[in-house]
Each structure stands twice: as C-alpha cells, then as structure tokens.
file protein.txt (compact mmCIF, C-alpha atoms)
# COMPACT_ATOMS: atom_id res chain seq x y z
CA MET A 17 -68.15 -64.97 -35.49
CA GLN A 18 -70.22 -63.43 -32.77
CA ASP A 19 -67.04 -62.59 -30.92
CA ALA A 20 -65.73 -60.62 -33.90
CA SER A 21 -68.85 -58.48 -34.22
CA ALA A 22 -68.80 -57.80 -30.47
CA SER A 23 -65.19 -56.65 -30.67
CA GLU A 24 -66.04 -54.41 -33.67
CA LYS A 25 -68.82 -52.79 -31.63
CA GLN A 26 -66.43 -52.32 -28.72
CA GLY A 27 -63.93 -50.68 -31.09
CA ARG A 28 -66.55 -48.24 -32.37
CA LEU A 29 -67.53 -47.27 -28.85
CA SER A 30 -63.97 -46.71 -27.73
CA SER A 31 -63.09 -44.73 -30.86
CA GLY A 32 -65.38 -41.92 -29.66
CA LYS A 33 -68.12 -42.06 -32.30
CA ARG A 34 -70.77 -42.42 -29.61
CA ARG A 35 -70.89 -39.90 -26.74
CA SER A 36 -71.13 -41.03 -23.18
CA PRO A 37 -74.08 -39.90 -21.03
CA LEU A 38 -71.72 -37.81 -18.90
CA VAL A 39 -70.62 -35.68 -21.88
CA ALA A 40 -74.22 -35.17 -23.00
CA THR A 41 -75.20 -34.11 -19.47
CA LEU A 42 -72.32 -31.63 -19.26
CA VAL A 43 -73.17 -30.10 -22.65
CA THR A 44 -76.82 -29.71 -21.58
CA LEU A 45 -75.84 -28.16 -18.26
CA ILE A 46 -73.43 -25.67 -19.86
CA THR A 47 -76.09 -24.68 -22.44
CA PHE A 48 -78.66 -24.12 -19.69
CA ILE A 49 -76.30 -21.99 -17.60
CA ALA A 50 -75.26 -19.90 -20.61
CA GLY A 51 -78.92 -19.34 -21.55
CA PHE A 52 -79.82 -18.37 -17.99
CA PHE A 53 -77.07 -15.77 -17.69
CA SER A 54 -77.62 -14.32 -21.17
CA HIS A 55 -81.32 -13.86 -20.35
CA ALA A 56 -80.47 -12.17 -17.07
CA ALA A 57 -78.00 -9.86 -18.83
CA PHE A 58 -80.16 -8.87 -21.80
CA PHE A 59 -83.69 -9.06 -20.33
CA PRO A 60 -83.64 -7.78 -16.74
CA ASP A 61 -87.22 -8.08 -15.60
CA MET A 62 -86.95 -7.26 -11.92
CA SER A 63 -86.49 -3.49 -12.20
CA PHE A 64 -85.97 -0.85 -14.82
CA SER A 65 -84.45 2.58 -14.41
CA THR A 66 -84.83 2.43 -10.62
CA MET A 67 -88.62 2.09 -10.96
CA LEU A 68 -90.80 -0.81 -9.88
CA LEU A 69 -94.27 -1.50 -11.22
CA TYR A 70 -96.45 -2.48 -8.28
CA GLY A 71 -100.13 -3.01 -8.93
CA GLU A 72 -101.48 0.21 -10.32
CA TYR A 73 -98.61 2.50 -9.33
CA ILE A 74 -95.04 3.18 -10.35
CA ILE A 75 -92.98 3.75 -7.22
CA GLY A 76 -89.57 5.41 -7.22
CA THR A 77 -87.05 3.16 -5.50
CA LYS A 78 -84.30 5.68 -4.81
CA THR A 79 -83.41 5.81 -1.14
CA PRO A 80 -81.75 8.74 0.66
CA ALA A 81 -78.44 6.85 0.43
CA THR A 82 -78.64 6.44 -3.35
CA LEU A 83 -79.80 10.03 -3.73
CA ALA A 84 -76.70 11.19 -1.85
CA LEU A 85 -74.50 9.04 -4.10
CA ASP A 86 -76.16 10.55 -7.17
CA GLY A 87 -75.61 14.06 -5.80
CA GLU A 88 -79.33 14.74 -5.44
CA LYS A 89 -81.08 16.22 -2.44
CA GLU A 90 -83.49 14.04 -0.52
CA LYS A 91 -87.01 14.20 -1.96
CA PRO A 92 -90.14 12.33 -0.96
CA SER A 93 -90.85 9.26 -3.07
CA GLU A 94 -93.21 10.09 -5.91
CA ILE A 95 -96.18 7.87 -6.69
CA VAL A 96 -97.60 8.19 -10.18
CA GLU A 97 -101.01 6.68 -10.86
CA VAL A 98 -100.92 4.86 -14.19
CA ILE A 99 -104.43 3.36 -14.05
CA LYS A 100 -107.39 5.54 -13.13
CA ASN A 101 -110.23 3.37 -11.81
CA VAL A 102 -113.88 4.28 -12.35
CA SER A 103 -116.82 2.17 -11.16
CA TYR A 104 -120.39 2.03 -12.37
CA LYS A 105 -122.84 1.25 -9.55
CA ASP A 106 -126.36 2.28 -8.56
CA GLY A 107 -126.94 4.02 -11.90
CA ALA A 108 -123.91 6.34 -11.69
CA PHE A 109 -120.21 6.51 -12.45
CA LYS A 110 -117.95 7.07 -9.46
CA PRO A 111 -116.18 9.44 -9.82
CA SER A 112 -118.28 11.23 -12.44
CA THR A 113 -115.32 13.29 -13.68
CA VAL A 114 -111.83 11.87 -13.99
CA ARG A 115 -108.51 13.38 -15.11
CA VAL A 116 -106.10 10.98 -16.82
CA HIS A 117 -102.57 11.79 -17.94
CA TYR A 118 -101.93 11.25 -21.67
CA GLY A 119 -100.67 7.69 -22.26
CA ASN A 120 -102.06 6.31 -19.00
CA TYR A 121 -104.90 3.87 -18.58
CA ILE A 122 -108.51 4.18 -17.53
CA ALA A 123 -110.39 1.18 -16.19
CA ILE A 124 -114.19 1.35 -16.04
CA GLU A 125 -115.76 -1.55 -14.16
CA ASN A 126 -119.42 -2.49 -13.78
CA GLN A 127 -120.17 -3.11 -10.10
CA SER A 128 -123.92 -3.07 -10.51
CA GLU A 129 -125.74 -6.37 -9.98
CA GLN A 130 -128.94 -5.27 -11.75
CA GLU A 131 -127.76 -3.07 -14.64
CA LEU A 132 -125.60 -3.55 -17.70
CA MET A 133 -122.90 -1.01 -18.48
CA TRP A 134 -123.05 -0.30 -22.22
CA LEU A 135 -120.69 2.58 -22.93
CA GLN A 136 -121.01 5.05 -25.77
CA SER A 137 -118.49 7.86 -26.24
CA SER A 138 -117.14 10.45 -28.62
CA LEU A 139 -113.83 8.59 -28.20
CA PRO A 140 -114.15 5.12 -29.82
CA GLU A 141 -111.76 3.52 -27.29
CA LEU A 142 -114.25 4.31 -24.51
CA SER A 143 -117.22 2.64 -26.24
CA THR A 144 -118.19 -1.00 -25.70
CA PRO A 145 -119.71 -3.25 -28.39
CA ARG A 146 -122.25 -4.69 -25.91
CA GLY A 147 -123.47 -4.31 -22.37
CA PHE A 148 -120.99 -5.36 -19.71
CA ALA A 149 -122.33 -7.36 -16.76
CA LEU A 150 -121.25 -7.39 -13.13
CA SER A 151 -117.44 -7.26 -12.68
CA GLU A 152 -116.69 -6.83 -16.39
CA LYS A 153 -114.17 -4.08 -17.06
CA LEU A 154 -113.08 -1.89 -19.96
CA GLN A 155 -109.41 -0.93 -19.67
CA VAL A 156 -107.78 1.20 -22.37
CA VAL A 157 -104.83 3.53 -22.80
CA LEU A 158 -105.81 7.11 -23.61
CA LEU A 159 -103.87 8.74 -26.45
CA LYS A 160 -106.15 11.61 -27.45
CA GLU A 161 -106.07 14.83 -25.45
CA GLY A 162 -109.24 16.65 -24.59
CA THR A 163 -112.51 16.25 -22.75
CA HIS A 164 -114.53 13.17 -23.66
CA GLN A 165 -118.09 12.36 -22.62
CA VAL A 166 -119.17 8.79 -21.87
CA ILE A 167 -122.78 7.69 -21.36
CA ASN A 168 -124.31 4.37 -20.46
CA LYS A 169 -126.70 3.36 -23.28
CA ALA A 170 -128.62 1.21 -20.80
CA ASN A 171 -129.12 4.26 -18.51
CA GLN A 172 -128.86 7.56 -20.42
CA SER A 173 -128.72 9.63 -17.22
CA ALA A 174 -125.39 8.04 -16.18
CA ARG A 175 -122.60 10.22 -17.53
CA LEU A 176 -118.83 10.22 -17.16
CA THR A 177 -116.46 13.03 -18.15
CA VAL A 178 -112.88 11.98 -18.99
CA VAL A 179 -110.26 14.72 -19.27
CA VAL A 180 -107.01 13.61 -20.93
CA TYR A 181 -104.11 16.02 -20.36
CA ARG A 182 -100.34 16.15 -20.94
call {"tool": "encode", "arguments": {"input": "protein.txt", "output": "structure tokens"}}
result
Amino acid sequence: MQDASASEKQGRLSSGKRRSPLVATLVTLITFIAGFFSHAAFFPDMSFSTMLLYGEYIIGTKTPATLALDGEKEKPSEIVEVIKNVSYKDGAFKPSTVRVHYGNYIAIENQSEQELMWLQSSLPELSTPRGFALSEKLQVVLLKEGTHQVINKANQSARLTVVVYR
C-alpha cells in the first residue's frame, strides 16, 4: 500500500502540478530584469534635460561637440546657484545682505559656539520656533518676492536682509 501512495505522488509531480525550482528561478529572474529595465526607462535618475545636480549648483553638461550638433554656438558653461548660504557667527550674519532668485533656497546656519540663533522675520518661512545651536541650519525655498528683514531674537543687533527677485 505504501508503494501505491508513492506512485500516486510521483504521478502528481510528473503531471506538472508542482513547479520545479528551475522554473521558479527563471520566473523570478525575468521579473527582476523586466522591473530593472522599466525603472530605467521611466525613472531616469542620472541626468535630466542635460543638467546635473551637484552639491549646491546646477551645472550645464553640454560640451562644444553637443553644442555643434544642436546648431548652437559655443558658450561658457553656466553655473546657477540654487542654495544661497548664510552663516551666523560672532554676533553677525555673513553676508548681511543676500539676493536669492525666486524659487531657490536659502540656508542659514549657526556657526557660533556661544550664541543661539533664534530667527524672527516678516516672512514666516524665515522664522524659527526656537533658538538654533551650533551647526543647526534653517533651509527653506523662497516663494515671495520682495525685501525681507531677519533679526536674531537672541541678539537684536544682528540683522539679515533677504532680497527675493525673479
């Protein structure tokens, strides 16, 4: 009787109801490869529109050869600053006046070991809810044109002027 049940099991296996490990491995491999290539096709994350984001700058990647192919004349590579850095140290903002293009970022970092940087501004995005200690940073995108004043509540004489332009 044991021989009959063993032969029934063998019949089920050979009839194809249970997949072999080789088939399962091939299906997994094909699924992985298809997912990899579809991601590469629909979500290219290495470059976009011939621009590379490197640190705080966007750098044009067109070379003289690609410019010639595009019918353009050779121009120097443009560097556009997308994050304007401001530091607070020794009781003052450096620089004390900064111009930021509309839609770009400003980063204000406390580099003072003794003082807190507690920002108050006419523009709510440039105000902090508490004093920031050494190496803490406020980084925001600026979407309101105009001239905005920022003061340090912990040191009222420290002032920063932020000019947002288009």
call {"tool": "atom_distance", "arguments": {"input": "protein.txt", "atom1": "CA of Trp134 (chain A)", "atom2": "CA of Tyr118 (chain A)"}}
result
24.1 Å
call {"tool": "residues_around", "arguments": {"input": "protein.txt", "residues": "Ala149 (chain A)", "least_positions_apart": "4", "cutoff": "10 Å", "atoms": "only C-alpha atoms", "output": "VMD selection string"}}
result
chain A and resid 125 to 134 153
call {"tool": "write_last_selection", "arguments": {"input": "protein.txt", "atoms": "C-alpha atoms", "output": "PDB file, in the coordinates of the input"}}
result
ATOM      1  CA  GLU A 125    -115.760  -1.550 -14.160  1.00  0.00           C
ATOM      2  CA  ASN A 126    -119.420  -2.490 -13.780  1.00  0.00           C
ATOM      3  CA  GLN A 127    -120.170  -3.110 -10.100  1.00  0.00           C
ATOM      4  CA  SER A 128    -123.920  -3.070 -10.510  1.00  0.00           C
ATOM      5  CA  GLU A 129    -125.740  -6.370  -9.980  1.00  0.00           C
ATOM      6  CA  GLN A 130    -128.940  -5.270 -11.750  1.00  0.00           C
ATOM      7  CA  GLU A 131    -127.760  -3.070 -14.640  1.00  0.00           C
ATOM      8  CA  LEU A 132    -125.600  -3.550 -17.700  1.00  0.00           C
ATOM      9  CA  MET A 133    -122.900  -1.010 -18.480  1.00  0.00           C
ATOM     10  CA  TRP A 134    -123.050  -0.300 -22.220  1.00  0.00           C
ATOM     11  CA  LYS A 153    -114.170  -4.080 -17.060  1.00  0.00           C
TER      12      LYS A 153
END
call {"tool": "residues_around", "arguments": {"input": "protein.txt", "residues": "Val156 (chain A)", "least_positions_apart": "3", "cutoff": "7 Å", "atoms": "all atoms listed in the file", "output": "PDB file with C-alpha atoms, in the coordinates of the input"}}
result
ATOM      1  CA  TYR A 121    -104.900   3.870 -18.580  1.00  0.00           C
ATOM      2  CA  ILE A 122    -108.510   4.180 -17.530  1.00  0.00           C
ATOM      3  CA  ALA A 123    -110.390   1.180 -16.190  1.00  0.00           C
ATOM      4  CA  GLU A 141    -111.760   3.520 -27.290  1.00  0.00           C
TER       5      GLU A 141
END
call {"tool": "atom_distance", "arguments": {"input": "protein.txt", "atom1": "CA of Val116 (chain A)", "atom2": "CA of His164 (chain A)"}}
result
11.1 Å
call {"tool": "residues_around", "arguments": {"input": "protein.txt", "residues": "Asn120 (chain A)", "least_positions_apart": "2", "cutoff": "12 Å", "atoms": "only C-alpha atoms", "output": "PyMOL selection string"}}
result
chain A and resi 72-74+96-101+115-118+122-123+155-161+179-182
call {"tool": "closest_residue", "arguments": {"input": "protein.txt", "among": "A:Thr163, A:Gly147, A:Gly119, A:Ile46", "to": "Leu135 (chain A)", "atoms": "all atoms listed in the file"}}
result
A:Gly147
call {"tool": "atom_distance", "arguments": {"input": "protein.txt", "atom1": "CA of Gln165 (chain A)", "atom2": "CA of Phe148 (chain A)"}}
result
18.2 Å
call {"tool": "residues_around", "arguments": {"input": "protein.txt", "residues": "Ser112 (chain A)", "least_positions_apart": "4", "cutoff": "10 Å", "atoms": "all atoms listed in the file", "output": "NGL selection string"}}
result
:A and (102-104 or 108 or 166 or 174-178)
call {"tool": "axis_aligned_box", "arguments": {"input": "protein.txt", "around": "region 104-112 of chain A", "padding_each_side": "4 Å", "output": "JSON"}}
result
{"center_x": -121.6, "center_y": 6.2, "center_z": -10.5, "size_x": 18.8, "size_y": 18.0, "size_z": 11.9}
